[in-house]
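Notes to accompany the following structure.
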Amino acid sequence: MANPRAKSGQFEKSKKALYTPSERARRDATKWTLVQGILAPLQFIVFLISLALVVYTLRTGEGYFAATTSIVLKTLILYAIMITGSIWEKVVFDKYLFAESFFWEDVFSILVLALHTAYLIALFAGWLPPTGLLWLALGAYAAYFINATQFLLKLRAARLQAKQFPSTNLVRLDSDDNAQSDKSAHTNITEITREVTV
């Protein structure tokens with residue numbers, strides 16, 4: 001006989017799934033998922049290069065122009081990924097920001113955005129000396145790294161959950177999803193159960 005407690009545990013885990021079946025289907029169908037998949041690693045590569053340039057400039061006093069250019073480029077890519085990410089979130093979760101599945105990641109993203117924007121303002125307004133600007137950039141980069149780690153851990157957990165509970169991830173017993181369960185959902189069940197991809 002099946003253990004009711006084990007079933008209850010599986011149900012609790014499925015309730016915390018990152019995507020509902022309909023959300024996963026929308027995620028897989030939208031072009032914005034690919035855009036995010038391109039911009040995210042691109043931003044991380046630029047971050048690593050820029051971080052090395054900033055540290056080099058702080059240590060040697062040389063290469064300030066290259067470091068500054070890299071920070072501006074990193075900030076522009078951040079703006080791009082924030083805008084396209086909001087569109088992606090609207091398509092998948094019907095909210096531009098602060099969808100339940102990514103609420104705290106979005107909250108911290110706002111801090112990251114604020115710090116990068118503060119750098120640009122200070123740079124073009126001349127409010128800080130070069131060393132101060134570089135340290136502000138490092139603060140923004142530290143926040144970005146934490147935020148990137150948040151997203152990676154969340155998506156890794158979703159992938160593991162999809163592998164461990166492939167059947168329970170198909171149906172969540174929430175009232176909203178019960179209302180959305182119909183014949184077309186069963187017809188597309190193969191597509192819906194594809195493994196979570198970042």
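By order in the structure tokens, chains are A, B, ...; within a chain, residues start at 1; ligands start at 1, following the order shown.
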
Which polymer residues have any atom within 12 Å of an atom of Val72 of chain A, counting only C-alpha atoms, with same-chain residues fewer than 6 positions away left out, as a list in words?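 Contacts, in chain order: Gln43, Val46, Phe47, Ser50, Val54, Phe65, Ala66, Leu78, Tyr79, His116, Thr117, Ala118, Tyr119, Leu120, Ile121, Ala122, Leu123, Phe124, Leu133, Leu134, Ala137 and Ala140 of chain A.
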
Can you write out the residues you just picked, keeping C-alpha atoms, as a PDB file, in the first residue's frame?
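As written to disk, part.pdb reads:
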```
ATOM      1  CA  GLN A  43      26.805  39.186 -19.675  1.00  0.00           C
ATOM      2  CA  VAL A  46      31.779  40.487 -20.102  1.00  0.00           C
ATOM      3  CA  PHE A  47      31.560  40.592 -16.303  1.00  0.00           C
ATOM      4  CA  SER A  50      35.575  43.694 -16.848  1.00  0.00           C
ATOM      5  CA  VAL A  54      38.911  46.828 -12.853  1.00  0.00           C
ATOM      6  CA  PHE A  65      39.883  53.727 -20.017  1.00  0.00           C
ATOM      7  CA  ALA A  66      39.613  50.008 -20.829  1.00  0.00           C
ATOM      8  CA  LEU A  78      22.412  44.375 -18.015  1.00  0.00           C
ATOM      9  CA  TYR A  79      19.791  46.843 -19.239  1.00  0.00           C
ATOM     10  CA  HIS A 116      24.993  49.926 -12.136  1.00  0.00           C
ATOM     11  CA  THR A 117      22.863  52.990 -12.867  1.00  0.00           C
ATOM     12  CA  ALA A 118      24.479  54.848  -9.977  1.00  0.00           C
ATOM     13  CA  TYR A 119      27.850  54.120 -11.563  1.00  0.00           C
ATOM     14  CA  LEU A 120      26.796  55.595 -14.903  1.00  0.00           C
ATOM     15  CA  ILE A 121      25.358  58.693 -13.249  1.00  0.00           C
ATOM     16  CA  ALA A 122      28.464  59.208 -11.141  1.00  0.00           C
ATOM     17  CA  LEU A 123      30.694  58.643 -14.177  1.00  0.00           C
ATOM     18  CA  PHE A 124      29.007  61.116 -16.514  1.00  0.00           C
ATOM     19  CA  LEU A 133      34.075  54.858  -9.542  1.00  0.00           C
ATOM     20  CA  LEU A 134      35.984  51.602  -9.735  1.00  0.00           C
ATOM     21  CA  ALA A 137      31.631  49.195  -9.972  1.00  0.00           C
ATOM     22  CA  ALA A 140      27.691  46.562  -8.373  1.00  0.00           C
TER      23      ALA A 140
END
```

Nearest to Val35 of chain A among A:Leu115, A:Ser86, A:Ser109, A:Ile71, with distances taken over only C-alpha atoms: which residue is it?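 Nearest candidate to Val35 of chain A out of A:Leu115, A:Ser86, A:Ser109, A:Ile71: A:Ser86.
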
Shortest interatomic distance to Ile45 of chain A - which of A:Leu18, A:Leu138, A:Ile77, A:Ala157, counting only C-alpha atoms: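 Smallest distance to Ile45 of chain A is found for A:Ile77.
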
Looking only at the backbone, which of the residues in segment 2-181 of chain A does DSSP tag as helix (DSSP H, G or I), as number ranges by chain? A: 4-15, 21-29, 32-60, 64-93, 100-125, 130-164, 175-180

Hey, can you spit out that residue selection with C-alpha atoms as a compact mmCIF listing (two decimals), in the first residue's frame?
```
# COMPACT_ATOMS: atom_id res chain seq x y z
CA PRO A 4 0.10 8.62 2.29
CA ARG A 5 2.85 10.64 3.92
CA ALA A 6 5.18 10.03 0.98
CA LYS A 7 2.44 11.08 -1.41
CA SER A 8 1.88 14.19 0.65
CA GLY A 9 5.60 14.99 0.49
CA GLN A 10 5.62 14.61 -3.27
CA PHE A 11 2.56 16.83 -3.52
CA GLU A 12 4.23 19.55 -1.44
CA LYS A 13 7.29 19.44 -3.69
CA SER A 14 5.14 19.60 -6.82
CA LYS A 15 3.29 22.63 -5.40
CA PRO A 21 2.55 22.91 -16.99
CA SER A 22 1.01 25.84 -18.86
CA GLU A 23 3.86 28.16 -17.84
CA ARG A 24 6.43 25.61 -18.96
CA ALA A 25 4.69 25.29 -22.31
CA ARG A 26 4.74 29.08 -22.79
CA ARG A 27 8.40 29.21 -21.76
CA ASP A 28 9.34 26.58 -24.32
CA ALA A 29 7.33 28.28 -27.06
CA TRP A 32 12.42 35.31 -25.45
CA THR A 33 13.71 32.16 -23.75
CA LEU A 34 16.41 31.90 -26.41
CA VAL A 35 17.19 35.61 -26.06
CA GLN A 36 17.72 35.17 -22.33
CA GLY A 37 19.81 32.08 -22.98
CA ILE A 38 22.14 34.15 -25.17
CA LEU A 39 22.31 37.34 -23.11
CA ALA A 40 22.87 35.68 -19.72
CA PRO A 41 26.17 33.92 -20.57
CA LEU A 42 27.27 36.91 -22.67
CA GLN A 43 26.80 39.19 -19.68
CA PHE A 44 28.77 36.80 -17.47
CA ILE A 45 31.69 36.68 -19.90
CA VAL A 46 31.78 40.49 -20.10
CA PHE A 47 31.56 40.59 -16.30
CA LEU A 48 34.63 38.37 -15.91
CA ILE A 49 36.68 40.41 -18.38
CA SER A 50 35.57 43.69 -16.85
CA LEU A 51 36.26 42.45 -13.32
CA ALA A 52 39.81 41.57 -14.31
CA LEU A 53 40.32 45.01 -15.89
CA VAL A 54 38.91 46.83 -12.85
CA VAL A 55 41.11 44.89 -10.42
CA TYR A 56 44.13 45.47 -12.64
CA THR A 57 43.48 49.22 -12.75
CA LEU A 58 43.00 49.43 -8.99
CA ARG A 59 46.26 47.57 -8.41
CA THR A 60 48.43 49.31 -11.00
CA TYR A 64 41.44 53.07 -16.60
CA PHE A 65 39.88 53.73 -20.02
CA ALA A 66 39.61 50.01 -20.83
CA ALA A 67 38.14 49.29 -17.41
CA THR A 68 35.60 52.09 -17.75
CA THR A 69 34.59 50.98 -21.23
CA SER A 70 34.07 47.43 -20.00
CA ILE A 71 31.89 48.60 -17.10
CA VAL A 72 29.71 50.68 -19.42
CA LEU A 73 29.37 47.72 -21.79
CA LYS A 74 28.48 45.41 -18.91
CA THR A 75 25.83 47.90 -17.76
CA LEU A 76 24.28 48.17 -21.23
CA ILE A 77 24.02 44.38 -21.46
CA LEU A 78 22.41 44.38 -18.02
CA TYR A 79 19.79 46.84 -19.24
CA ALA A 80 19.14 44.65 -22.27
CA ILE A 81 18.71 41.50 -20.18
CA MET A 82 16.45 43.30 -17.69
CA ILE A 83 14.16 44.58 -20.44
CA THR A 84 13.99 41.31 -22.36
CA GLY A 85 13.74 39.38 -19.09
CA SER A 86 10.70 41.42 -18.09
CA ILE A 87 9.09 40.64 -21.45
CA TRP A 88 9.91 36.93 -20.96
CA GLU A 89 8.39 37.01 -17.48
CA LYS A 90 5.23 38.64 -18.84
CA VAL A 91 4.88 35.98 -21.53
CA VAL A 92 5.48 33.07 -19.16
CA PHE A 93 3.97 34.28 -15.87
CA GLU A 100 6.06 34.34 -7.52
CA SER A 101 8.61 31.89 -8.92
CA PHE A 102 11.29 34.60 -9.28
CA PHE A 103 10.16 37.15 -6.71
CA TRP A 104 13.33 37.46 -4.62
CA GLU A 105 15.57 37.18 -7.67
CA ASP A 106 13.71 40.13 -9.18
CA VAL A 107 13.96 42.11 -5.94
CA PHE A 108 17.73 41.69 -5.89
CA SER A 109 17.89 42.44 -9.62
CA ILE A 110 16.49 45.89 -8.87
CA LEU A 111 19.39 46.49 -6.46
CA VAL A 112 21.85 45.34 -9.12
CA LEU A 113 20.26 47.68 -11.65
CA ALA A 114 20.33 50.58 -9.19
CA LEU A 115 24.05 50.13 -8.45
CA HIS A 116 24.99 49.93 -12.14
CA THR A 117 22.86 52.99 -12.87
CA ALA A 118 24.48 54.85 -9.98
CA TYR A 119 27.85 54.12 -11.56
CA LEU A 120 26.80 55.60 -14.90
CA ILE A 121 25.36 58.69 -13.25
CA ALA A 122 28.46 59.21 -11.14
CA LEU A 123 30.69 58.64 -14.18
CA PHE A 124 29.01 61.12 -16.51
CA ALA A 125 28.24 63.66 -13.79
CA PRO A 130 38.35 57.31 -10.81
CA THR A 131 39.17 55.15 -7.81
CA GLY A 132 35.76 55.80 -6.28
CA LEU A 133 34.08 54.86 -9.54
CA LEU A 134 35.98 51.60 -9.73
CA TRP A 135 35.03 50.66 -6.20
CA LEU A 136 31.40 51.48 -6.95
CA ALA A 137 31.63 49.20 -9.97
CA LEU A 138 33.02 46.42 -7.78
CA GLY A 139 30.07 46.85 -5.42
CA ALA A 140 27.69 46.56 -8.37
CA TYR A 141 29.56 43.48 -9.59
CA ALA A 142 29.33 41.82 -6.17
CA ALA A 143 25.56 42.36 -6.20
CA TYR A 144 25.36 41.01 -9.75
CA PHE A 145 27.30 37.87 -8.81
CA ILE A 146 24.94 37.18 -5.89
CA ASN A 147 21.94 37.71 -8.14
CA ALA A 148 23.34 35.41 -10.84
CA THR A 149 23.91 32.75 -8.18
CA GLN A 150 20.28 33.11 -7.06
CA PHE A 151 19.03 32.40 -10.57
CA LEU A 152 21.40 29.49 -11.13
CA LEU A 153 20.40 27.80 -7.86
CA LYS A 154 16.70 28.30 -8.59
CA LEU A 155 16.93 26.88 -12.10
CA ARG A 156 19.13 23.99 -10.98
CA ALA A 157 16.56 23.09 -8.33
CA ALA A 158 13.82 23.19 -10.98
CA ARG A 159 15.78 20.85 -13.26
CA LEU A 160 16.40 18.38 -10.44
CA GLN A 161 12.76 18.51 -9.45
CA ALA A 162 11.63 17.85 -13.01
CA LYS A 163 13.90 14.77 -13.16
CA GLN A 164 12.92 13.45 -9.74
CA SER A 175 -7.61 25.49 -8.07
CA ASP A 176 -6.25 27.66 -10.87
CA ASP A 177 -4.63 24.72 -12.60
CA ASN A 178 -7.68 22.51 -12.12
CA ALA A 179 -9.69 25.14 -13.93
CA GLN A 180 -7.17 25.11 -16.78
```
